[in-house]
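Reading through the structure tokens given below for one structure.
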Amino acid sequence: MSEIFKNIGEIKYEGASSKNPLAFKFYDAEKTVLGKKMKEHLPFAMAWWHNLGAAGTDMFGRDTADKSFGKEKGTMEHAYAKVDAGFEFMKKLGIEYFCFHDVDLVPEAEDIKETNRRLDEISDYILVKMKETGIKCLWGTANMFSNPRFMNGAGSTNSAEVFCFAAAQIKKALDITVKLGGKGYVFWGGREGYETLLNTDMKLELDNIARLMKMAVTYGRSIGFTGDFYIEPKPKEPMKHQYDFDAATAIGFLRQYGLDKDFKMNIEANHATLAGHTFRHELRTSAINGMLGSIDANQGDLLLGWDTDEFPWDVYETTMCMYEVIKAGGLTGGFNFDAKTRRPSNTYEDMFEAFILGMDAFALGLINAAKIIEDGRIDEFVKNKYASFNEGIGKKITKGEASLEELSSYAESLGKTEIPCSGKQERLQSIVNSILFN
Ligand code: XLS
Ligand code: CA
Ligand code: CA
């Protein structure tokens, strides 16, 4: 097998002052932060579909990048070339995980039996490359949104036959995920939603999505899958309304249908902002519910308002993300760069520089978050802000020992109360800046 990314060697850490575009400035895999190596805090993953598939196409124009890797697209030769390219790419960057959809790995055939045969074949080859390199699978998933049969959804389709095809794809994607030792299995409900309620039976659709997920759990466990299932929330796009709107909605759904023990969240930054939340809000919501599993590490463009899947570079965002992740005790999953280079960034070199940008942005986020935690002023402020719940009537409330009548009498005994202490937002923001830029 010949080298694909010629003239690009192993990407090394050279420090912040380096002017080498093909070097890490902040990501130093072996460096210890808060008692753990950077690479342990940041298990990065490559998204097969974006890095090896997306070639710059948008609604108005064809490919700008060549992702043929020297073979004809849509053939198994091309599928093999993608494996070679992917492993060479990850190896050179020190990326230890990858994520995939079934149809990222092989071209989909007319007959599902043939698609499945191709998946068996390519996964044998991927296994060989995994053994050779030590690179692992973070999660797998089934693409249940591209094929026209899924136009009305997969679990939420109106067609029982299409529902069976969704089940078949999930079964096979789980087989391959288990074969490759994947840590997780993702459900992103791309077309699980609706355009208009005029043609939609919402209750049946939600019940059916849950039925499909239950079958997936039962089957997955029966073939030895011990990892987490994930829901990846997203409020819209491609559908106008998607059922897994945000983390709170998805968690409520999982609890309603008794799926919460097997599932966690895969939080994508770009989806958080599409839902009108911050990335951080979605991470915190997941974490306080014990469901922060994995992260799709990208960012959107707030001026555009669609799912741009950009490589993360906003260091405030990565800092706050890492603060949440550290406070939550880390991820059971990892940081998957579900991100693509911009349409005009169409060279192999751009692919590497994009990952360097993202990995450095997260390394900076980690370093900064550690500083904020070690500084302690932010945590101390939050603790003190709620101090009234640590004693007296506040303690009774949090212990669940107070009644409404008792609290009412207590309020009457006070007659009037002072307004609570200042929220000090500006001071806290200033503290963050002084820690980040000192
Ligand atoms: C699309 C999603 C998708 C999932 C995996 O918006 O981000 O790529 O991560 O199906
Ligand atoms: Ca994603
Ligand atoms: Ca996305």
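Letters for chains follow the order of the structure tokens (A, B, ...), residue numbers begin at 1 for each chain, and ligand numbers begin at 1 in the order shown.
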- Query: ligand 2: which residues are within 8 Å, counting only C-alpha atoms and all ligand atoms, as number ranges by chain?
  - Reply: A: 188, 232, 266-268, 271, 296, 338
Write to file, as a CSV table (one decimal), in the first residue's frame, the residues of the selection just made, with all heavy atoms.
chain,number,residue,atom,x,y,z
A,188,TRP,N,-28.8,9.2,15.7
A,188,TRP,CA,-29.0,10.6,15.4
A,188,TRP,C,-30.3,10.6,14.6
A,188,TRP,O,-30.4,10.0,13.5
A,188,TRP,CB,-27.9,11.3,14.6
A,188,TRP,CG,-28.3,12.6,14.0
A,188,TRP,CD1,-28.8,13.7,14.7
A,188,TRP,CD2,-28.5,12.9,12.6
A,188,TRP,NE1,-29.1,14.7,13.9
A,188,TRP,CE2,-29.0,14.3,12.6
A,188,TRP,CE3,-28.2,12.3,11.4
A,188,TRP,CZ2,-29.2,14.9,11.4
A,188,TRP,CZ3,-28.5,12.9,10.2
A,188,TRP,CH2,-29.0,14.3,10.2
A,232,GLU,N,-28.1,11.5,19.8
A,232,GLU,CA,-27.5,12.8,19.5
A,232,GLU,C,-28.6,13.8,19.1
A,232,GLU,O,-29.1,13.8,18.0
A,232,GLU,CB,-26.5,12.6,18.3
A,232,GLU,CG,-25.8,13.9,17.9
A,232,GLU,CD,-24.9,13.7,16.7
A,232,GLU,OE1,-24.3,12.6,16.5
A,232,GLU,OE2,-24.8,14.6,15.9
A,266,ASN,N,-24.9,12.0,23.1
A,266,ASN,CA,-23.8,12.4,22.3
A,266,ASN,C,-24.1,13.8,21.9
A,266,ASN,O,-24.9,14.1,21.1
A,266,ASN,CB,-23.6,11.5,21.0
A,266,ASN,CG,-22.4,12.0,20.2
A,266,ASN,OD1,-21.4,12.3,20.7
A,266,ASN,ND2,-22.6,12.0,18.9
A,267,ILE,N,-23.4,14.8,22.5
A,267,ILE,CA,-23.7,16.2,22.4
A,267,ILE,C,-22.8,16.8,21.3
A,267,ILE,O,-21.6,16.8,21.4
A,267,ILE,CB,-23.5,17.0,23.7
A,267,ILE,CG1,-24.5,16.4,24.8
A,267,ILE,CG2,-23.7,18.5,23.5
A,267,ILE,CD1,-25.9,16.6,24.5
A,268,GLU,N,-23.5,17.4,20.3
A,268,GLU,CA,-22.8,18.1,19.2
A,268,GLU,C,-22.9,19.6,19.5
A,268,GLU,O,-24.0,20.1,19.6
A,268,GLU,CB,-23.3,17.7,17.8
A,268,GLU,CG,-22.5,18.4,16.8
A,268,GLU,CD,-22.9,18.2,15.3
A,268,GLU,OE1,-23.0,17.0,14.9
A,268,GLU,OE2,-23.1,19.2,14.6
A,271,HIS,N,-25.3,21.4,17.1
A,271,HIS,CA,-26.7,21.2,17.3
A,271,HIS,C,-27.2,21.9,18.5
A,271,HIS,O,-28.3,22.3,18.6
A,271,HIS,CB,-26.9,19.7,17.5
A,271,HIS,CG,-26.5,18.8,16.3
A,271,HIS,ND1,-26.6,17.5,16.3
A,271,HIS,CD2,-26.0,19.2,15.1
A,271,HIS,CE1,-26.2,17.0,15.1
A,271,HIS,NE2,-25.9,18.0,14.4
A,296,ASP,N,-19.6,15.4,19.9
A,296,ASP,CA,-19.3,15.7,18.5
A,296,ASP,C,-18.7,17.1,18.5
A,296,ASP,O,-19.4,18.1,18.6
A,296,ASP,CB,-20.5,15.6,17.6
A,296,ASP,CG,-20.6,14.1,17.0
A,296,ASP,OD1,-19.9,13.3,17.5
A,296,ASP,OD2,-21.4,13.9,16.1
A,338,ASP,N,-16.8,15.8,14.2
A,338,ASP,CA,-17.8,15.7,13.2
A,338,ASP,C,-17.8,17.1,12.5
A,338,ASP,O,-18.7,18.0,12.7
A,338,ASP,CB,-19.2,15.5,13.8
A,338,ASP,CG,-20.3,15.2,12.8
A,338,ASP,OD1,-19.9,15.2,11.6
A,338,ASP,OD2,-21.4,14.9,13.2
- Query: Which polymer residues have any atom within 10 Å of an atom of Thr318 (chain A), counting only C-alpha atoms, with same-chain residues fewer than 5 positions away left out, as JSON, numbers by chain?
  - Reply: {"A": [269, 279, 280, 297, 298, 299, 312, 313, 323, 324, 358, 360, 361, 362, 363, 364, 365, 366, 368, 369]}
Keeping only C-alpha atoms, take the residues you just selected and write them out as a short mmCIF file (atom, residue, chain, number, x, y, z; two decimals), in the first residue's frame.
data_model
loop_
_atom_site.label_atom_id
_atom_site.label_comp_id
_atom_site.auth_asym_id
_atom_site.auth_seq_id
_atom_site.Cartn_x
_atom_site.Cartn_y
_atom_site.Cartn_z
CA ALA A 269 -21.74 21.74 19.64
CA PHE A 279 -22.87 23.97 23.91
CA ARG A 280 -22.17 24.22 27.60
CA ALA A 297 -16.57 18.36 18.52
CA ASN A 298 -17.35 21.07 16.00
CA GLN A 299 -18.90 24.53 15.92
CA PRO A 312 -13.79 24.12 16.42
CA TRP A 313 -11.57 27.11 16.99
CA TYR A 323 -14.76 22.79 32.27
CA GLU A 324 -18.04 20.84 32.02
CA GLY A 358 -9.45 21.47 16.33
CA ASP A 360 -5.17 22.62 19.50
CA ALA A 361 -8.44 24.42 20.28
CA PHE A 362 -9.43 21.57 22.61
CA ALA A 363 -5.98 21.38 24.16
CA LEU A 364 -6.23 25.11 24.92
CA GLY A 365 -9.72 24.54 26.28
CA LEU A 366 -8.34 21.83 28.57
CA ASN A 368 -7.76 26.93 30.42
CA ALA A 369 -10.45 24.89 32.14
#
Near ligand 1, 10 Å: chain A residue rows, closest pairs, only C-alpha atoms and all ligand atoms, as a Markdown table:
| residue | atom | partner | partner_atom_place_in_ligand_line | distance |
| --- | --- | --- | --- | --- |
| A:Ala47 | CA | ligand 1 | 8 (O) | 8.3 |
| A:Trp48 | CA | ligand 1 | 8 (O) | 9.8 |
| A:Trp49 | CA | ligand 1 | 8 (O) | 7.8 |
| A:His50 | CA | ligand 1 | 8 (O) | 8.3 |
| A:Cys99 | CA | ligand 1 | 5 (C) | 8.7 |
| A:Phe100 | CA | ligand 1 | 5 (C) | 8.0 |
| A:His101 | CA | ligand 1 | 10 (O) | 6.8 |
| A:Trp139 | CA | ligand 1 | 5 (C) | 9.7 |
| A:Gly140 | CA | ligand 1 | 5 (C) | 8.6 |
| A:Thr141 | CA | ligand 1 | 10 (O) | 6.5 |
| A:Ala142 | CA | ligand 1 | 10 (O) | 7.2 |
| A:Asn143 | CA | ligand 1 | 10 (O) | 6.2 |
| A:Met144 | CA | ligand 1 | 10 (O) | 8.3 |
| A:Phe145 | CA | ligand 1 | 10 (O) | 8.5 |
| A:Tyr185 | CA | ligand 1 | 5 (C) | 9.9 |
| A:Val186 | CA | ligand 1 | 5 (C) | 6.9 |
| A:Phe187 | CA | ligand 1 | 10 (O) | 6.8 |
| A:Trp188 | CA | ligand 1 | 10 (O) | 4.9 |
| A:Gly189 | CA | ligand 1 | 10 (O) | 7.7 |
| A:Gly190 | CA | ligand 1 | 1 (C) | 6.7 |
| A:Ile231 | CA | ligand 1 | 4 (C) | 9.6 |
| A:Glu232 | CA | ligand 1 | 9 (O) | 6.8 |
| A:Pro233 | CA | ligand 1 | 7 (O) | 8.8 |
| A:Lys234 | CA | ligand 1 | 6 (O) | 7.2 |
| A:Pro235 | CA | ligand 1 | 6 (O) | 9.9 |
| A:Lys236 | CA | ligand 1 | 6 (O) | 9.0 |
| A:Glu237 | CA | ligand 1 | 6 (O) | 7.4 |
| A:Pro238 | CA | ligand 1 | 6 (O) | 8.2 |
| A:Asn266 | CA | ligand 1 | 9 (O) | 8.3 |
| A:Ile267 | CA | ligand 1 | 9 (O) | 9.0 |
| A:Glu268 | CA | ligand 1 | 7 (O) | 6.9 |
| A:Ala269 | CA | ligand 1 | 7 (O) | 9.5 |
| A:Asn270 | CA | ligand 1 | 7 (O) | 8.2 |
| A:His271 | CA | ligand 1 | 6 (O) | 7.3 |
| A:Ile295 | CA | ligand 1 | 9 (O) | 9.4 |
| A:Asp296 | CA | ligand 1 | 9 (O) | 6.8 |
| A:Ala297 | CA | ligand 1 | 7 (O) | 9.9 |
| A:Asn298 | CA | ligand 1 | 7 (O) | 9.4 |
| A:Trp306 | CA | ligand 1 | 6 (O) | 9.8 |
| A:Asp307 | CA | ligand 1 | 6 (O) | 6.6 |
| A:Thr308 | CA | ligand 1 | 6 (O) | 8.9 |
| A:Asp309 | CA | ligand 1 | 7 (O) | 7.8 |
| A:Asn336 | CA | ligand 1 | 9 (O) | 8.8 |
| A:Phe337 | CA | ligand 1 | 9 (O) | 9.5 |
| A:Asp338 | CA | ligand 1 | 9 (O) | 6.4 |
| A:Ala339 | CA | ligand 1 | 7 (O) | 8.6 |
- For Phe89 (chain A): contacts at 12 Å, only C-alpha atoms, fewer than 6 positions along chain excluded, given as a ChimeraX atom specification: /A:3-6,8-11,45-48,51-52,81-83,95-98,133,135,348-349,351-353,355-356
Same residues, N, CA and C atoms, output as a short mmCIF file (atom, residue, chain, number, x, y, z; two decimals), in the first residue's frame:
data_model
loop_
_atom_site.label_atom_id
_atom_site.label_comp_id
_atom_site.auth_asym_id
_atom_site.auth_seq_id
_atom_site.Cartn_x
_atom_site.Cartn_y
_atom_site.Cartn_z
N GLU A 3 1.88 5.36 0.15
CA GLU A 3 1.50 6.51 0.97
C GLU A 3 0.54 7.41 0.19
N ILE A 4 -0.50 7.86 0.85
CA ILE A 4 -1.50 8.71 0.18
C ILE A 4 -1.21 10.18 0.43
N PHE A 5 -0.95 10.51 1.68
CA PHE A 5 -0.68 11.91 2.02
C PHE A 5 0.83 12.15 1.97
N LYS A 6 1.33 12.19 0.75
CA LYS A 6 2.78 12.33 0.57
C LYS A 6 3.19 13.74 1.01
N ILE A 8 3.51 14.84 3.78
CA ILE A 8 3.02 15.21 5.12
C ILE A 8 3.44 14.09 6.06
N GLY A 9 4.29 14.45 7.01
CA GLY A 9 4.79 13.43 7.92
C GLY A 9 3.95 13.40 9.19
N GLU A 10 4.51 12.79 10.22
CA GLU A 10 3.86 12.74 11.51
C GLU A 10 3.75 14.16 12.07
N ILE A 11 2.60 14.52 12.58
CA ILE A 11 2.41 15.88 13.10
C ILE A 11 2.92 15.90 14.55
N ALA A 45 -11.49 11.60 17.90
CA ALA A 45 -11.89 10.64 16.86
C ALA A 45 -12.07 11.34 15.53
N MET A 46 -11.84 10.57 14.47
CA MET A 46 -12.07 11.06 13.11
C MET A 46 -13.42 10.55 12.62
N ALA A 47 -14.23 11.45 12.06
CA ALA A 47 -15.52 11.07 11.48
C ALA A 47 -15.27 10.63 10.04
N TRP A 48 -15.56 9.35 9.78
CA TRP A 48 -15.29 8.76 8.46
C TRP A 48 -15.96 9.57 7.35
N ASN A 51 -14.35 13.36 6.90
CA ASN A 51 -12.94 13.46 6.52
C ASN A 51 -12.63 12.68 5.24
N LEU A 52 -13.24 11.50 5.12
CA LEU A 52 -12.91 10.67 3.95
C LEU A 52 -13.96 10.76 2.86
N ALA A 81 -9.50 2.08 -0.40
CA ALA A 81 -8.59 3.23 -0.42
C ALA A 81 -8.93 4.20 0.72
N LYS A 82 -10.21 4.32 1.02
CA LYS A 82 -10.61 5.18 2.14
C LYS A 82 -10.06 4.64 3.46
N VAL A 83 -10.10 3.32 3.60
CA VAL A 83 -9.54 2.73 4.84
C VAL A 83 -8.05 3.06 4.93
N ILE A 95 -4.42 10.45 16.15
CA ILE A 95 -5.85 10.27 16.49
C ILE A 95 -6.07 8.80 16.79
N GLU A 96 -6.69 8.49 17.92
CA GLU A 96 -6.75 7.09 18.33
C GLU A 96 -8.08 6.40 18.07
N TYR A 97 -9.08 7.18 17.61
CA TYR A 97 -10.41 6.59 17.39
C TYR A 97 -11.02 7.07 16.08
N PHE A 98 -12.00 6.30 15.60
CA PHE A 98 -12.80 6.75 14.45
C PHE A 98 -14.27 6.42 14.71
N THR A 133 -2.21 -0.71 13.84
CA THR A 133 -1.96 0.66 14.31
C THR A 133 -2.35 0.91 15.77
N ILE A 135 -5.28 1.75 16.54
CA ILE A 135 -6.41 2.69 16.47
C ILE A 135 -7.71 1.94 16.73
N TYR A 348 -5.32 18.14 0.60
CA TYR A 348 -4.97 17.20 1.67
C TYR A 348 -4.39 17.96 2.87
N GLU A 349 -3.58 18.95 2.54
CA GLU A 349 -2.95 19.75 3.61
C GLU A 349 -4.02 20.40 4.48
N MET A 351 -6.93 19.25 5.16
CA MET A 351 -7.52 18.25 6.06
C MET A 351 -6.68 18.15 7.34
N PHE A 352 -5.38 18.14 7.18
CA PHE A 352 -4.49 18.04 8.35
C PHE A 352 -4.56 19.31 9.20
N GLU A 353 -4.53 20.45 8.52
CA GLU A 353 -4.53 21.71 9.27
C GLU A 353 -5.84 21.89 10.04
N PHE A 355 -7.64 19.47 11.41
CA PHE A 355 -7.55 18.67 12.64
C PHE A 355 -6.58 19.30 13.64
N ILE A 356 -5.50 19.87 13.13
CA ILE A 356 -4.55 20.52 14.04
C ILE A 356 -5.26 21.68 14.76
#
- Message: Would you pick out the contacts of region 12-15 of chain A at 9 Å or less, using only C-alpha atoms, so that residues sharing its chain but fewer than 5 positions from it are not included, and give the list as number ranges by chain?
- Response: A: 20, 22-29, 92-94
Could you save the residues just selected, with N, CA and C atoms, as a PDB file, in the first residue's frame?
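Below you can see result_9.pdb, which holds the result:
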ATOM      1  N   ASN A  20       5.028  26.652  12.117  1.00  0.00           N
ATOM      2  CA  ASN A  20       4.832  25.534  11.195  1.00  0.00           C
ATOM      3  C   ASN A  20       3.349  25.162  11.157  1.00  0.00           C
ATOM      4  N   LEU A  22       1.947  22.715   9.977  1.00  0.00           N
ATOM      5  CA  LEU A  22       1.728  21.285  10.155  1.00  0.00           C
ATOM      6  C   LEU A  22       2.351  20.782  11.461  1.00  0.00           C
ATOM      7  N   ALA A  23       2.152  21.583  12.516  1.00  0.00           N
ATOM      8  CA  ALA A  23       2.612  21.178  13.852  1.00  0.00           C
ATOM      9  C   ALA A  23       1.572  21.611  14.869  1.00  0.00           C
ATOM     10  N   PHE A  24       1.503  20.845  15.978  1.00  0.00           N
ATOM     11  CA  PHE A  24       0.622  21.261  17.082  1.00  0.00           C
ATOM     12  C   PHE A  24       1.282  22.391  17.855  1.00  0.00           C
ATOM     13  N   LYS A  25       0.476  23.376  18.228  1.00  0.00           N
ATOM     14  CA  LYS A  25       0.984  24.492  19.034  1.00  0.00           C
ATOM     15  C   LYS A  25       0.645  24.283  20.520  1.00  0.00           C
ATOM     16  N   PHE A  26      -0.465  23.571  20.769  1.00  0.00           N
ATOM     17  CA  PHE A  26      -0.915  23.400  22.158  1.00  0.00           C
ATOM     18  C   PHE A  26      -1.180  21.945  22.527  1.00  0.00           C
ATOM     19  N   TYR A  27      -1.511  21.120  21.540  1.00  0.00           N
ATOM     20  CA  TYR A  27      -1.806  19.718  21.850  1.00  0.00           C
ATOM     21  C   TYR A  27      -0.504  18.923  21.977  1.00  0.00           C
ATOM     22  N   ASP A  28      -0.204  18.592  23.205  1.00  0.00           N
ATOM     23  CA  ASP A  28       1.004  17.850  23.533  1.00  0.00           C
ATOM     24  C   ASP A  28       0.528  16.564  24.215  1.00  0.00           C
ATOM     25  N   ALA A  29       0.332  15.515  23.419  1.00  0.00           N
ATOM     26  CA  ALA A  29      -0.362  14.302  23.861  1.00  0.00           C
ATOM     27  C   ALA A  29       0.083  13.786  25.235  1.00  0.00           C
ATOM     28  N   LYS A  92      -0.826   9.646  11.409  1.00  0.00           N
ATOM     29  CA  LYS A  92       0.056  10.818  11.312  1.00  0.00           C
ATOM     30  C   LYS A  92      -0.331  11.903  12.313  1.00  0.00           C
ATOM     31  N   LEU A  93      -1.614  11.959  12.674  1.00  0.00           N
ATOM     32  CA  LEU A  93      -2.064  12.982  13.616  1.00  0.00           C
ATOM     33  C   LEU A  93      -2.093  12.503  15.066  1.00  0.00           C
ATOM     34  N   GLY A  94      -1.927  11.209  15.269  1.00  0.00           N
ATOM     35  CA  GLY A  94      -2.040  10.680  16.633  1.00  0.00           C
ATOM     36  C   GLY A  94      -3.488  10.614  17.096  1.00  0.00           C
TER      37      GLY A  94
END
- Message: I'd like the interatomic distance between CA of Leu138 (chain A) and CA of Thr332 (chain A), to a tenth of an Å.
- Response: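 It comes out at 10.0 Å.
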- Nearby residues (only C-alpha atoms) at most 10 Å from Arg343 (chain A), same-chain spacing under 6 positions excluded, as a list of chain:residue names: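 Within the cut-off, the hits are A:Ala54, A:Ala55, A:Gly56, A:Thr57, A:Asp58, A:Gly61, A:Arg62, A:Asp63, A:Thr64, A:Ala65.
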Go ahead and write the selection's residues with all heavy atoms as a PDB file, in the first residue's frame.
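Wrote it out as again.pdb, contents follow:
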ATOM      1  N   ALA A  54     -16.790  13.746   2.617  1.00  0.00           N
ATOM      2  CA  ALA A  54     -17.226  15.087   2.191  1.00  0.00           C
ATOM      3  C   ALA A  54     -16.161  15.755   1.332  1.00  0.00           C
ATOM      4  O   ALA A  54     -14.992  15.839   1.716  1.00  0.00           O
ATOM      5  CB  ALA A  54     -17.525  15.953   3.409  1.00  0.00           C
ATOM      6  N   ALA A  55     -16.584  16.214   0.156  1.00  0.00           N
ATOM      7  CA  ALA A  55     -15.614  16.761  -0.801  1.00  0.00           C
ATOM      8  C   ALA A  55     -15.974  18.187  -1.219  1.00  0.00           C
ATOM      9  O   ALA A  55     -15.644  18.619  -2.317  1.00  0.00           O
ATOM     10  CB  ALA A  55     -15.528  15.835  -2.010  1.00  0.00           C
ATOM     11  N   GLY A  56     -16.669  18.881  -0.343  1.00  0.00           N
ATOM     12  CA  GLY A  56     -16.923  20.301  -0.601  1.00  0.00           C
ATOM     13  C   GLY A  56     -18.232  20.604  -1.303  1.00  0.00           C
ATOM     14  O   GLY A  56     -18.563  21.768  -1.527  1.00  0.00           O
ATOM     15  N   THR A  57     -18.993  19.557  -1.623  1.00  0.00           N
ATOM     16  CA  THR A  57     -20.284  19.789  -2.293  1.00  0.00           C
ATOM     17  C   THR A  57     -21.198  20.621  -1.405  1.00  0.00           C
ATOM     18  O   THR A  57     -21.251  20.410  -0.199  1.00  0.00           O
ATOM     19  CB  THR A  57     -20.966  18.421  -2.567  1.00  0.00           C
ATOM     20  OG1 THR A  57     -20.148  17.704  -3.470  1.00  0.00           O
ATOM     21  CG2 THR A  57     -22.345  18.599  -3.166  1.00  0.00           C
ATOM     22  N   ASP A  58     -21.898  21.593  -2.005  1.00  0.00           N
ATOM     23  CA  ASP A  58     -22.976  22.243  -1.267  1.00  0.00           C
ATOM     24  C   ASP A  58     -24.211  22.296  -2.162  1.00  0.00           C
ATOM     25  O   ASP A  58     -24.218  21.694  -3.246  1.00  0.00           O
ATOM     26  CB  ASP A  58     -22.545  23.614  -0.710  1.00  0.00           C
ATOM     27  CG  ASP A  58     -22.312  24.658  -1.775  1.00  0.00           C
ATOM     28  OD1 ASP A  58     -22.697  24.431  -2.940  1.00  0.00           O
ATOM     29  OD2 ASP A  58     -21.733  25.712  -1.439  1.00  0.00           O
ATOM     30  N   GLY A  61     -23.179  23.637  -5.653  1.00  0.00           N
ATOM     31  CA  GLY A  61     -21.999  23.271  -6.442  1.00  0.00           C
ATOM     32  C   GLY A  61     -21.453  21.896  -6.135  1.00  0.00           C
ATOM     33  O   GLY A  61     -21.656  21.356  -5.048  1.00  0.00           O
ATOM     34  N   ARG A  62     -20.748  21.350  -7.119  1.00  0.00           N
ATOM     35  CA  ARG A  62     -20.184  20.001  -7.006  1.00  0.00           C
ATOM     36  C   ARG A  62     -18.913  19.995  -6.148  1.00  0.00           C
ATOM     37  O   ARG A  62     -18.457  21.023  -5.668  1.00  0.00           O
ATOM     38  CB  ARG A  62     -19.852  19.480  -8.404  1.00  0.00           C
ATOM     39  CG  ARG A  62     -21.045  19.355  -9.337  1.00  0.00           C
ATOM     40  CD  ARG A  62     -20.636  18.600 -10.610  1.00  0.00           C
ATOM     41  NE  ARG A  62     -19.595  19.304 -11.343  1.00  0.00           N
ATOM     42  CZ  ARG A  62     -19.824  20.268 -12.232  1.00  0.00           C
ATOM     43  NH1 ARG A  62     -21.059  20.656 -12.481  1.00  0.00           N
ATOM     44  NH2 ARG A  62     -18.835  20.854 -12.861  1.00  0.00           N
ATOM     45  N   ASP A  63     -18.302  18.800  -6.077  1.00  0.00           N
ATOM     46  CA  ASP A  63     -17.074  18.627  -5.281  1.00  0.00           C
ATOM     47  C   ASP A  63     -15.993  19.637  -5.663  1.00  0.00           C
ATOM     48  O   ASP A  63     -15.796  19.934  -6.839  1.00  0.00           O
ATOM     49  CB  ASP A  63     -16.487  17.234  -5.538  1.00  0.00           C
ATOM     50  CG  ASP A  63     -17.329  16.116  -4.948  1.00  0.00           C
ATOM     51  OD1 ASP A  63     -18.368  16.414  -4.342  1.00  0.00           O
ATOM     52  OD2 ASP A  63     -16.933  14.947  -5.103  1.00  0.00           O
ATOM     53  N   THR A  64     -15.295  20.102  -4.648  1.00  0.00           N
ATOM     54  CA  THR A  64     -14.099  20.908  -4.910  1.00  0.00           C
ATOM     55  C   THR A  64     -12.841  20.142  -4.503  1.00  0.00           C
ATOM     56  O   THR A  64     -11.750  20.464  -4.954  1.00  0.00           O
ATOM     57  CB  THR A  64     -14.124  22.225  -4.109  1.00  0.00           C
ATOM     58  OG1 THR A  64     -14.327  21.908  -2.728  1.00  0.00           O
ATOM     59  CG2 THR A  64     -15.236  23.142  -4.589  1.00  0.00           C
ATOM     60  N   ALA A  65     -13.008  19.154  -3.625  1.00  0.00           N
ATOM     61  CA  ALA A  65     -11.854  18.385  -3.153  1.00  0.00           C
ATOM     62  C   ALA A  65     -11.853  17.005  -3.811  1.00  0.00           C
ATOM     63  O   ALA A  65     -12.915  16.471  -4.134  1.00  0.00           O
ATOM     64  CB  ALA A  65     -11.922  18.234  -1.636  1.00  0.00           C
TER      65      ALA A  65
END
- Query: When distances are computed from only C-alpha atoms, which of A:Val103, A:Ala154, A:Thr278, A:Leu357 shows the smallest separation from Cys321 (chain A)?
  - Reply: A:Thr278
- Name the residues of region 271-417 of chain A that fall into alpha helix (DSSP H) according to DSSP on the backbone, using the chain letters and numbers of this document, as a ChimeraX atom specification. /A:271-274,279-288,315-327,348-375,377-385,392-398,404-414
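Using only C-alpha atoms, the protein and nucleic acid residues lying no more than 9 Å from region 378-381 of chain A, apart from those fewer than 2 places from it along its own chain, are Ile372, Ile373, Asp375, Gly376, Lys383, Asn384, Lys385, Tyr386, Lys424, Leu428, Ile431 and Val432 of chain A.
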- Task: Using only C-alpha atoms and all ligand atoms, find the one residue out of A:Gly305, A:Gly392, A:Gly227, A:Pro344 that sits nearest to ligand 3.
- Result: A:Gly305
- Item | Among listed residues A:Glu418, A:Glu310, A:Asp207, A:Asp228, nearest ligand 3 (using only C-alpha atoms and all ligand atoms) |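 Using only C-alpha atoms and all ligand atoms, ligand 3 sits closest to A:Glu310.
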- Query: Tell me, which residues of region 107-297 of chain A carry DSSP strand (DSSP E or B), written as a VMD selection string?
  - Reply: chain A and resid 136 to 141 184 to 187 193 to 194 228 to 231 241 to 242 263 to 268 292 to 296
- Which one is closest to ligand 3: A:Ala173, A:Met213, A:Ala275, A:Leu197? Count only C-alpha atoms and all ligand atoms. A:Ala275
- Item | Straight-line distance linking CA of Gly333 (chain A) with CA of Arg284 (chain A), stated in Å to one decimal |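 Separating CA of Gly333 (chain A) from CA of Arg284 (chain A) is a distance of 15.9 Å.
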- Using only C-alpha atoms and all ligand atoms: which of A:Phe311, A:Phe437, A:Phe69, A:Phe163 has the shortest distance to ligand 3: A:Phe311
- Message: I need the residue nearest ligand 3 from this list: A:Ser123, A:Thr273, A:Ser18, A:Asn7. Use only C-alpha atoms and all ligand atoms for the distance.
- Response: A:Thr273
- Could you check how far CA of Ser430 (chain A) sits from CA of Lys327 (chain A), in Å to one decimal?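 It comes out at 21.1 Å.
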